[in-house]
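Peer 1: What follows is input.csv, made up of CSV, C-alpha atoms:
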chain,number,residue,atom,x,y,z
A,1,MET,CA,-114.4,-78.7,-187.7
A,2,PRO,CA,-112.7,-79.6,-184.3
A,3,VAL,CA,-109.1,-80.7,-184.5
A,4,ASP,CA,-109.9,-84.3,-183.4
A,5,GLU,CA,-112.3,-84.7,-186.3
A,6,HIS,CA,-109.6,-83.3,-188.7
A,7,ARG,CA,-107.1,-85.8,-187.3
A,8,GLY,CA,-109.7,-88.6,-187.6
A,9,LEU,CA,-110.0,-88.0,-191.4
A,10,TRP,CA,-106.5,-89.2,-191.9
A,11,GLY,CA,-106.2,-91.9,-189.1
A,12,GLY,CA,-105.2,-94.7,-191.4
A,13,LEU,CA,-102.8,-92.8,-193.6
A,14,LYS,CA,-99.3,-94.4,-193.9
A,15,VAL,CA,-96.7,-91.7,-194.3
A,16,ARG,CA,-93.4,-92.1,-196.3
A,17,PHE,CA,-90.5,-90.5,-194.5
A,18,CYS,CA,-87.0,-89.7,-195.7
A,19,LEU,CA,-84.1,-88.8,-193.4
A,20,VAL,CA,-81.1,-86.6,-194.2
A,21,VAL,CA,-78.5,-86.6,-191.4
A,22,THR,CA,-76.1,-83.7,-191.9
A,23,SER,CA,-72.9,-84.5,-190.0
A,24,ASP,CA,-69.3,-84.3,-191.1
A,25,SER,CA,-68.2,-86.6,-188.2
A,26,ILE,CA,-70.7,-89.3,-189.0
A,27,PHE,CA,-70.1,-89.0,-192.7
A,28,LYS,CA,-66.3,-89.4,-192.2
A,29,GLY,CA,-66.9,-92.4,-189.9
A,30,LEU,CA,-65.5,-90.7,-186.9
A,31,LYS,CA,-68.8,-91.0,-185.0
A,32,ARG,CA,-71.5,-93.7,-184.9
A,33,ASP,CA,-74.8,-92.8,-186.5
A,34,GLU,CA,-77.4,-93.1,-183.7
A,35,ILE,CA,-80.0,-91.0,-185.6
A,36,THR,CA,-80.9,-93.3,-188.4
A,37,PRO,CA,-81.8,-96.3,-186.2
A,38,LEU,CA,-83.7,-94.0,-183.8
A,39,VAL,CA,-85.7,-92.4,-186.5
A,40,LYS,CA,-86.5,-95.8,-188.2
A,41,GLY,CA,-87.6,-97.3,-184.9
A,42,LEU,CA,-89.9,-94.4,-184.0
A,43,VAL,CA,-91.4,-94.0,-187.5
A,44,VAL,CA,-92.0,-97.7,-188.1
A,45,SER,CA,-93.5,-98.1,-184.6
A,46,ALA,CA,-96.0,-95.4,-185.4
A,47,GLY,CA,-97.1,-97.3,-188.5
A,48,HIS,CA,-95.2,-95.4,-191.1
A,49,GLU,CA,-92.3,-96.1,-193.5
A,50,LEU,CA,-88.7,-94.8,-193.6
A,51,ALA,CA,-88.2,-95.0,-197.3
A,52,LEU,CA,-84.8,-93.5,-197.5
A,53,SER,CA,-82.0,-92.3,-195.2
A,54,ARG,CA,-78.7,-90.7,-196.0
A,55,VAL,CA,-75.8,-89.2,-194.1
A,56,VAL,CA,-74.2,-86.2,-195.8
A,57,PRO,CA,-71.5,-83.7,-195.0
A,58,ASN,CA,-72.2,-80.1,-194.2
A,59,ILE,CA,-71.8,-79.0,-197.8
A,60,PRO,CA,-74.7,-76.8,-199.0
A,61,GLU,CA,-74.9,-78.3,-202.5
A,62,VAL,CA,-74.9,-81.9,-201.1
A,63,ILE,CA,-77.6,-81.1,-198.6
A,64,THR,CA,-79.7,-79.3,-201.3
A,65,GLY,CA,-79.4,-82.2,-203.7
A,66,GLU,CA,-80.3,-84.9,-201.1
A,67,VAL,CA,-83.4,-82.9,-199.8
A,68,ARG,CA,-84.6,-82.2,-203.4
A,69,GLY,CA,-84.3,-85.9,-204.2
A,70,CYS,CA,-86.3,-86.8,-201.0
A,71,LEU,CA,-89.0,-84.4,-202.0
A,72,ARG,CA,-89.7,-86.6,-205.0
A,73,ASN,CA,-90.1,-89.7,-202.9
A,74,CYS,CA,-91.4,-88.9,-199.5
A,75,ASP,CA,-94.3,-87.1,-197.8
A,76,VAL,CA,-92.0,-86.0,-194.9
A,77,VAL,CA,-88.3,-85.2,-195.0
A,78,ILE,CA,-86.5,-85.0,-191.7
A,79,VAL,CA,-83.2,-83.2,-191.8
A,80,THR,CA,-81.0,-83.4,-188.7
A,81,GLY,CA,-78.0,-81.3,-187.7
A,82,GLY,CA,-76.6,-77.9,-188.5
A,83,THR,CA,-79.2,-75.9,-186.6
A,84,GLY,CA,-76.8,-74.0,-184.3
A,85,LEU,CA,-74.9,-70.8,-184.7
A,86,SER,CA,-71.4,-71.9,-185.7
A,87,LYS,CA,-70.0,-71.4,-189.2
A,88,LYS,CA,-70.5,-75.1,-190.0
A,89,ASP,CA,-74.2,-74.9,-189.0
A,90,LEU,CA,-75.7,-74.4,-192.5
A,91,SER,CA,-78.9,-76.4,-192.6
A,92,PRO,CA,-81.5,-73.6,-192.0
A,93,ASP,CA,-79.8,-71.4,-194.6
A,94,VAL,CA,-79.7,-74.1,-197.2
A,95,LEU,CA,-83.3,-75.2,-196.6
A,96,SER,CA,-84.6,-71.7,-196.8
A,97,GLY,CA,-83.9,-71.8,-200.5
A,98,ILE,CA,-86.1,-75.0,-200.9
A,99,CYS,CA,-89.0,-74.1,-198.6
A,100,GLY,CA,-92.3,-72.7,-199.6
A,101,LYS,CA,-94.8,-72.2,-196.8
A,102,PRO,CA,-93.2,-72.0,-193.4
A,103,ILE,CA,-94.7,-73.8,-190.4
A,104,PRO,CA,-93.5,-71.6,-187.6
A,105,GLY,CA,-95.3,-73.4,-184.8
A,106,TYR,CA,-93.0,-76.3,-185.0
A,107,GLY,CA,-89.8,-74.3,-184.2
A,108,GLU,CA,-91.6,-72.3,-181.6
A,109,LEU,CA,-93.0,-75.4,-179.8
A,110,PHE,CA,-89.7,-77.3,-180.1
A,111,ARG,CA,-87.8,-74.4,-178.5
A,112,TYR,CA,-90.5,-74.1,-175.8
A,113,LEU,CA,-90.2,-77.8,-174.9
A,114,THR,CA,-86.4,-77.5,-175.0
A,115,TYR,CA,-86.6,-74.4,-172.7
A,116,LEU,CA,-88.6,-76.4,-170.2
A,117,GLU,CA,-85.8,-78.9,-169.9
A,118,PHE,CA,-82.6,-76.9,-170.6
A,119,GLY,CA,-83.5,-73.2,-170.0
A,120,SER,CA,-82.5,-70.3,-172.2
A,121,ALA,CA,-80.0,-72.2,-174.3
A,122,ALA,CA,-83.1,-73.3,-176.3
A,123,MET,CA,-83.0,-70.0,-178.2
A,124,LEU,CA,-79.8,-71.0,-179.9
A,125,SER,CA,-81.6,-73.6,-182.1
A,126,ARG,CA,-82.6,-72.6,-185.6
A,127,ASN,CA,-84.8,-75.6,-186.3
A,128,TYR,CA,-88.0,-75.1,-188.2
A,129,ALA,CA,-90.5,-76.8,-190.6
A,130,CYS,CA,-92.0,-75.9,-193.9
A,131,VAL,CA,-93.9,-77.2,-196.9
A,132,ALA,CA,-91.8,-77.7,-200.0
A,133,GLU,CA,-93.6,-78.9,-203.2
A,134,ASP,CA,-96.1,-81.5,-201.8
A,135,SER,CA,-94.0,-82.6,-198.8
A,136,VAL,CA,-93.1,-81.3,-195.4
A,137,ILE,CA,-89.5,-80.7,-194.2
A,138,PHE,CA,-88.7,-80.8,-190.5
A,139,LEU,CA,-85.3,-79.6,-189.4
A,140,THR,CA,-84.1,-80.8,-186.0
A,141,PRO,CA,-80.8,-80.4,-184.1
A,142,GLY,CA,-78.5,-83.4,-184.6
A,143,SER,CA,-78.6,-84.9,-181.1
A,144,PRO,CA,-80.5,-88.1,-180.6
A,145,GLN,CA,-82.3,-86.5,-177.7
A,146,ALA,CA,-83.5,-83.6,-179.9
A,147,VAL,CA,-84.6,-85.9,-182.7
A,148,ARG,CA,-86.6,-88.0,-180.2
A,149,LEU,CA,-88.3,-85.0,-178.8
A,150,ALA,CA,-89.2,-83.7,-182.2
A,151,LEU,CA,-90.6,-87.0,-183.4
A,152,GLU,CA,-92.4,-88.1,-180.2
A,153,LYS,CA,-93.9,-84.7,-179.1
A,154,LEU,CA,-94.4,-82.8,-182.3
A,155,ILE,CA,-94.0,-84.7,-185.7
A,156,LEU,CA,-95.6,-88.1,-185.2
A,157,PRO,CA,-98.7,-86.9,-183.3
A,158,GLU,CA,-99.6,-84.6,-186.2
A,159,VAL,CA,-98.0,-86.1,-189.3
A,160,ARG,CA,-101.1,-87.9,-190.7
A,161,HIS,CA,-103.2,-84.7,-190.2
A,162,LEU,CA,-100.5,-82.6,-191.8
A,163,VAL,CA,-99.9,-84.8,-194.8
A,164,GLY,CA,-103.6,-85.4,-195.2
A,165,GLU,CA,-104.2,-81.6,-195.4
A,166,LEU,CA,-101.5,-81.3,-198.1
A,167,ARG,CA,-103.2,-84.0,-200.2
A,168,ARG,CA,-106.6,-82.2,-200.2
Could you quickly redo this structure as structure tokens?
Peer 2:
Amino acid sequence: MPVDEHRGLWGGLKVRFCLVVTSDSIFKGLKRDEITPLVKGLVVSAGHELALSRVVPNIPEVITGEVRGCLRNCDVVIVTGGTGLSKKDLSPDVLSGICGKPIPGYGELFRYLTYLEFGSAAMLSRNYACVAEDSVIFLTPGSPQAVRLALEKLILPEVRHLVGELRR
């Protein structure tokens, strides 16, 4: 079946999103949270629901607990932040213990789109996606620009199709 027909099968599906923002500075109130309103606006504009959002510190056990809680309530969990190479960048390592089936194309396409705009620095991002239980987890860098790119160019155009396939 052609991809457009696959997408068409799930055209009216309303997807429940959860958001976990990993950021010590936002958690401590040192920096304003620009991610949550951005995600809510884009998700709702696309006809979906942001059912839950949390800001958490870069502590593995806290990230794990929040994401596992989200898996019980949402079709899609977006985790932002912690994708770089510093010692505080833990999100990919934490999520690897939760993830089942990887979706490598997401990280590959994100890095490609980032490369087109910023060049070789794109290779420093360890963002990715996977299926965990009956939900999808998308990990993005923590900048609003990166979150917007991921949602507008990759996640929202395919989310109904992706969630629909998981429900089959």
Peer 1: Report, in Å with one decimal, the straight-line distance from CA of Lys87 (chain A) to CA of Ala129 (chain A).
Peer 2: 21.2 Å
Peer 1: Using all atoms listed in the file, which residues sit within 10 Å of region 42-50 of chain A once same-chain residues fewer than 3 positions away are excluded, as a list of chain:residue names?
Peer 2: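 Returned residues: A:Gly12, A:Leu13, A:Lys14, A:Val15, A:Arg16, A:Phe17, A:Cys18, A:Leu19, A:Thr36, A:Pro37, A:Leu38, A:Val39, A:Ser53, A:Cys74, A:Val76, A:Val77, A:Arg148, A:Leu151, A:Glu152, A:Ile155, A:Leu156, A:Pro157, A:Val159, A:Arg160.
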Peer 1: Looking at A:Ser25, A:Thr64, A:Ser120, A:Gln145, which one is nearest to Leu90 (chain A), with distances taken over all atoms listed in the file?
Peer 2: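 Among the listed residues, the smallest separation from Leu90 (chain A) belongs to A:Thr64.
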Peer 1: Quick one: distance from CA of Ser91 (chain A) to CA of Arg126 (chain A) in Å, one decimal?
Peer 2: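 Distance between the two atoms: 8.8 Å.
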Peer 1: Hey, which of A:Asp4, A:Asp75, A:Asp33, A:Glu158 ends up closest to Ile137 (chain A)? Count all atoms listed in the file.
Peer 2: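 Closest to Ile137 (chain A), using all atoms listed in the file: A:Asp75.
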Peer 1: As an exercise, work out the distance from CA of Pro60 (chain A) to CA of Leu95 (chain A) in Å and give it to one decimal place.
Peer 2: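 That distance, rounded to one decimal, is 9.1 Å.
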Peer 1: Can you work out which one of A:Thr114, A:Lys31, A:Ile63, A:Gly142 has the shortest atom-to-atom distance to Thr83 (chain A), counting all atoms listed in the file?
Peer 2: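 Answer, going by the shortest atom-to-atom distance: A:Gly142.
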Peer 1: Measuring between all atoms listed in the file, which one of A:Ile35, A:Leu124, A:Leu166, A:Val131 shows the shortest distance to Leu71 (chain A)?
Peer 2: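 For Leu71 (chain A), the nearest of the given residues is A:Val131.
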Peer 1: Would you mind telling me which residue in A:Pro57, A:Gly65, A:Val21, A:Leu116 lies nearest to Phe138 (chain A) when using all atoms listed in the file?
Peer 2: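 Smallest distance to Phe138 (chain A) is found for A:Val21.
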Peer 1: Find the residue from A:Ala122, A:Cys99, A:Phe110, A:Pro104 that sits nearest to Val136 (chain A); use all atoms listed in the file when measuring.
Peer 2: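 Looking at the shortest contact to Val136 (chain A), the residue is A:Cys99.
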Peer 1: Around all the atoms of region 49-57 of chain A listed in the file, with 6 Å of room on each side, what axis-aligned box do you get, giving centre and edge lengths in Å to one decimal, as JSON?
Peer 2:
{"center_x": -81.9, "center_y": -89.9, "center_z": -195.5, "size_x": 32.8, "size_y": 24.4, "size_z": 16.0}
Peer 1: Write out as a PDB file with C-alpha atoms, keeping the file's coordinate frame each polymer residue whose atoms come within 8 Å of Asp24 (chain A), counting only C-alpha atoms; drop sequence neighbours fewer than 3 positions from it.
Peer 2:
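out.pdb written:
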ATOM      1  CA  PHE A  27     -70.100 -89.000-192.700  1.00  0.00           C
ATOM      2  CA  LYS A  28     -66.300 -89.400-192.200  1.00  0.00           C
ATOM      3  CA  VAL A  56     -74.200 -86.200-195.800  1.00  0.00           C
ATOM      4  CA  PRO A  57     -71.500 -83.700-195.000  1.00  0.00           C
ATOM      5  CA  ASN A  58     -72.200 -80.100-194.200  1.00  0.00           C
TER       6      ASN A  58
END
